[in-house]
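The structure appears right after this line, and notes come after that.
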Amino acid sequence: MLTARDIMTPSAQCIRENDSLKQAAQMMRDLDVGALPICGEDNRLKGMLTDRDIAVLAVAEGRNPETVNAGEFGKEKPVTIGADDSIDNAIATMKEYKVRRLPVIDGKDLVGMVAQADIARHISDDKVGDLVELISN
């Protein structure tokens with residue numbers, strides 16, 4: 001049985017809660033990702049920040065990405081998965097919360113990220129279609 005640890009992208013890089021949205025956008029560009037975990041000064045996961053949050057909730061509202069902190073977003077408890085949880089558990093979590101990316105936690109430590117694409121590479125084509133459809137609705 002494959003686990004989240006087997007398919008995750010290890011060493012997820014965090015944006016710090018006091019970093020600006022401009023810094024977050026630059027980090028997303030440099031890493032070629034659409035979301036970043038938000039970590040506090042204690043290195044604990046505080047939330048998730050997406051490129052859509054920056055564009056729709058900040059820039060489109062006229063807020064300055066150089067002065068708005070990443071920590072203002074992702075205030076809800078982040079949806080996560082345990083490092084030793086199965087792919088089926090990851091799929092069920094993505095479906096339930098309609099998310100495309102899951103931070104992977106080992107104990108209290110962020111150890112990686114599992115994206116929809118990571119799962120798609122490891123399951124049958126018919127399951128991929130179901131996953132995409134259920135998350136996208």
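Ligands are numbered from 1 in the order shown, chains are lettered A, B, ... in the order of the structure tokens, and residues start at 1 in each chain.
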- Message: I'd like the neighbourhood of Arg100 of chain A as a PyMOL selection string, where a residue qualifies if any of its atoms comes within 7 Å (using only C-alpha atoms), though same-chain residues fewer than 3 positions away should be ignored.
- Response: chain A and resi 94+115-116
- Message: Quick one: residues within 9 Å of Ile91 of chain A, only C-alpha atoms, excluding same-chain residues fewer than 5 positions away - as number ranges by chain?
- Response: A: 86, 96, 116, 119, 131
Take the residues that were just selected and, keeping N, CA, C and O atoms, output them as a JSON list (two decimals), in the first residue's frame.
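So the final result, stored in out-v9.json, reads:
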[["chain", "number", "residue", "atom", "x", "y", "z"],
["A", 86, "SER", "N", -2.74, 6.36, 3.73],
["A", 86, "SER", "CA", -2.79, 5.76, 2.40],
["A", 86, "SER", "C", -3.19, 6.77, 1.33],
["A", 86, "SER", "O", -3.76, 7.82, 1.63],
["A", 96, "GLU", "N", -13.47, 15.29, 0.22],
["A", 96, "GLU", "CA", -14.28, 15.86, 1.29],
["A", 96, "GLU", "C", -14.12, 17.37, 1.39],
["A", 96, "GLU", "O", -15.09, 18.12, 1.56],
["A", 116, "GLN", "N", -2.72, 16.79, -6.30],
["A", 116, "GLN", "CA", -3.58, 15.95, -7.12],
["A", 116, "GLN", "C", -2.75, 15.22, -8.18],
["A", 116, "GLN", "O", -2.97, 14.03, -8.43],
["A", 119, "ILE", "N", -0.96, 12.09, -6.87],
["A", 119, "ILE", "CA", -1.86, 10.94, -6.75],
["A", 119, "ILE", "C", -2.16, 10.37, -8.14],
["A", 119, "ILE", "O", -2.14, 9.16, -8.33],
["A", 131, "LEU", "N", -11.48, 11.58, -9.27],
["A", 131, "LEU", "CA", -10.85, 12.51, -8.34],
["A", 131, "LEU", "C", -10.95, 13.94, -8.85],
["A", 131, "LEU", "O", -11.38, 14.85, -8.14]]
- Query: Of the candidates A:Gly112, A:Glu72, A:Asp32, A:Ser124, which shows the shortest atom-to-atom distance to Cys14 of chain A, using only C-alpha atoms?
  - Reply: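 With only C-alpha atoms as the atom set, the closest residue is A:Gly112.
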- Message: For the structure I just gave you, how does DSSP split segment 25-129 of chain A - specifically, which residues are alpha helix (DSSP H)? Reply as an MDAnalysis selection string.
- Response: chainID A and resid 25:31 51:52 87:97 116:120 125:129
Would you list the contacts of segment 38-45 of chain A as a compact mmCIF listing (two decimals) with C-alpha atoms, in the first residue's frame, taking every protein, DNA or RNA residue within 6 Å and counting only C-alpha atoms, but skipping same-chain residues closer than 2 positions in sequence?
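Generated output (out_27.txt):
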# COMPACT_ATOMS: atom_id res chain seq x y z
CA CYS A 14 6.93 27.54 3.67
CA ILE A 15 6.14 31.19 3.33
CA ARG A 16 6.50 32.80 6.74
CA GLU A 17 3.38 34.37 8.19
CA GLY A 47 -2.44 27.61 6.89
CA MET A 48 -2.19 27.55 3.12
- Using DSSP on the backbone, list every residue of chain A that comes out as strand (DSSP E), and give them as a VMD selection string. chain A and resid 9 to 10 15 to 16 35 to 39 45 to 50 81 to 82 101 to 106 109 to 115
- Message: If we count only C-alpha atoms and set the cut-off at 12 Å, which residues sit around Gly107 of chain A, ignoring sequence neighbours fewer than 3 positions away in its own chain? Please answer as a list in words.
- Response: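 Contacts, with the query itself left out: Arg44, Leu45, Thr80, Ile81, Gly82, Ala83, Asp84, Val104, Leu110 and Val111 of chain A.
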Print the selection's residues with all heavy atoms to a file, as a tab-separated table (two decimals), in the first residue's frame.
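In the end it all went to again07.tsv:
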chain	number	residue	atom	x	y	z
A	44	ARG	N	5.68	25.85	12.68
A	44	ARG	CA	4.48	25.02	12.60
A	44	ARG	C	3.56	25.54	11.50
A	44	ARG	O	3.48	26.76	11.25
A	44	ARG	CB	3.72	25.02	13.92
A	44	ARG	CG	4.51	24.44	15.07
A	44	ARG	CD	4.63	22.93	14.94
A	44	ARG	NE	5.34	22.40	16.08
A	44	ARG	CZ	6.30	21.52	15.98
A	44	ARG	NH1	6.68	21.07	14.82
A	44	ARG	NH2	6.90	21.06	17.04
A	45	LEU	N	2.85	24.63	10.87
A	45	LEU	CA	1.93	24.96	9.80
A	45	LEU	C	0.77	25.79	10.35
A	45	LEU	O	0.12	25.39	11.31
A	45	LEU	CB	1.41	23.68	9.16
A	45	LEU	CG	0.43	23.82	8.00
A	45	LEU	CD1	1.11	24.48	6.81
A	45	LEU	CD2	-0.10	22.45	7.60
A	80	THR	N	-4.87	18.63	6.32
A	80	THR	CA	-3.59	17.93	6.18
A	80	THR	C	-3.83	16.43	6.07
A	80	THR	O	-4.94	15.94	6.25
A	80	THR	CB	-2.68	18.18	7.40
A	80	THR	OG1	-3.30	17.65	8.58
A	80	THR	CG2	-2.39	19.67	7.59
A	81	ILE	N	-2.74	15.74	5.82
A	81	ILE	CA	-2.75	14.28	5.81
A	81	ILE	C	-1.50	13.80	6.53
A	81	ILE	O	-0.45	14.46	6.49
A	81	ILE	CB	-2.83	13.73	4.37
A	81	ILE	CG1	-3.08	12.22	4.40
A	81	ILE	CG2	-1.61	14.09	3.57
A	81	ILE	CD1	-3.52	11.66	3.08
A	82	GLY	N	-1.60	12.67	7.19
A	82	GLY	CA	-0.44	12.09	7.87
A	82	GLY	C	0.49	11.43	6.87
A	82	GLY	O	0.06	10.91	5.84
A	83	ALA	N	1.76	11.45	7.17
A	83	ALA	CA	2.78	10.89	6.27
A	83	ALA	C	2.54	9.41	5.98
A	83	ALA	O	2.85	8.94	4.88
A	83	ALA	CB	4.18	11.10	6.84
A	84	ASP	N	1.98	8.68	6.92
A	84	ASP	CA	1.78	7.25	6.74
A	84	ASP	C	0.35	6.90	6.33
A	84	ASP	O	0.00	5.72	6.26
A	84	ASP	CB	2.18	6.50	8.01
A	84	ASP	CG	3.68	6.67	8.29
A	84	ASP	OD1	4.47	6.60	7.31
A	84	ASP	OD2	4.05	6.90	9.45
A	104	VAL	N	1.65	17.41	4.15
A	104	VAL	CA	1.88	16.10	4.77
A	104	VAL	C	2.60	16.34	6.10
A	104	VAL	O	3.66	16.97	6.15
A	104	VAL	CB	2.72	15.18	3.86
A	104	VAL	CG1	2.95	13.83	4.52
A	104	VAL	CG2	2.05	15.01	2.50
A	110	LEU	N	5.87	19.51	9.30
A	110	LEU	CA	5.53	19.50	7.88
A	110	LEU	C	6.68	18.83	7.15
A	110	LEU	O	7.82	19.29	7.23
A	110	LEU	CB	5.34	20.93	7.38
A	110	LEU	CG	5.08	21.09	5.89
A	110	LEU	CD1	3.73	20.51	5.50
A	110	LEU	CD2	5.15	22.57	5.52
A	111	VAL	N	6.39	17.72	6.45
A	111	VAL	CA	7.46	16.97	5.78
A	111	VAL	C	7.33	16.97	4.26
A	111	VAL	O	8.23	16.52	3.56
A	111	VAL	CB	7.57	15.52	6.29
A	111	VAL	CG1	8.00	15.52	7.76
A	111	VAL	CG2	6.27	14.75	6.10
- How many Å separate atom CA of Val99 of chain A from atom CA of Val114 of chain A?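 Spanning atom CA of Val99 of chain A to atom CA of Val114 of chain A is a straight-line distance of 10.7 Å.
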- Item | Distance criterion (only C-alpha atoms): nearest to Pro103 of chain A out of A:Met1, A:Ile87, A:Ile54, A:Pro78 |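 Result for the nearest residue to Pro103 of chain A: A:Pro78.
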- Item | From A:Lys46, A:Arg5, A:Arg52, A:Arg63, residue lying nearest Ser20 of chain A [only C-alpha atoms] | A:Arg63
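Computed from the coordinates, the atom CA of Met113 of chain A to atom CA of Ser11 of chain A distance equals 8.0 Å.
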- Query: Between A:Ala4, A:Ala60, A:Asn69, A:Arg101, which is the closest to Leu36 of chain A once you count only C-alpha atoms?
  - Reply: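 The closest residue to Leu36 of chain A is A:Arg101.
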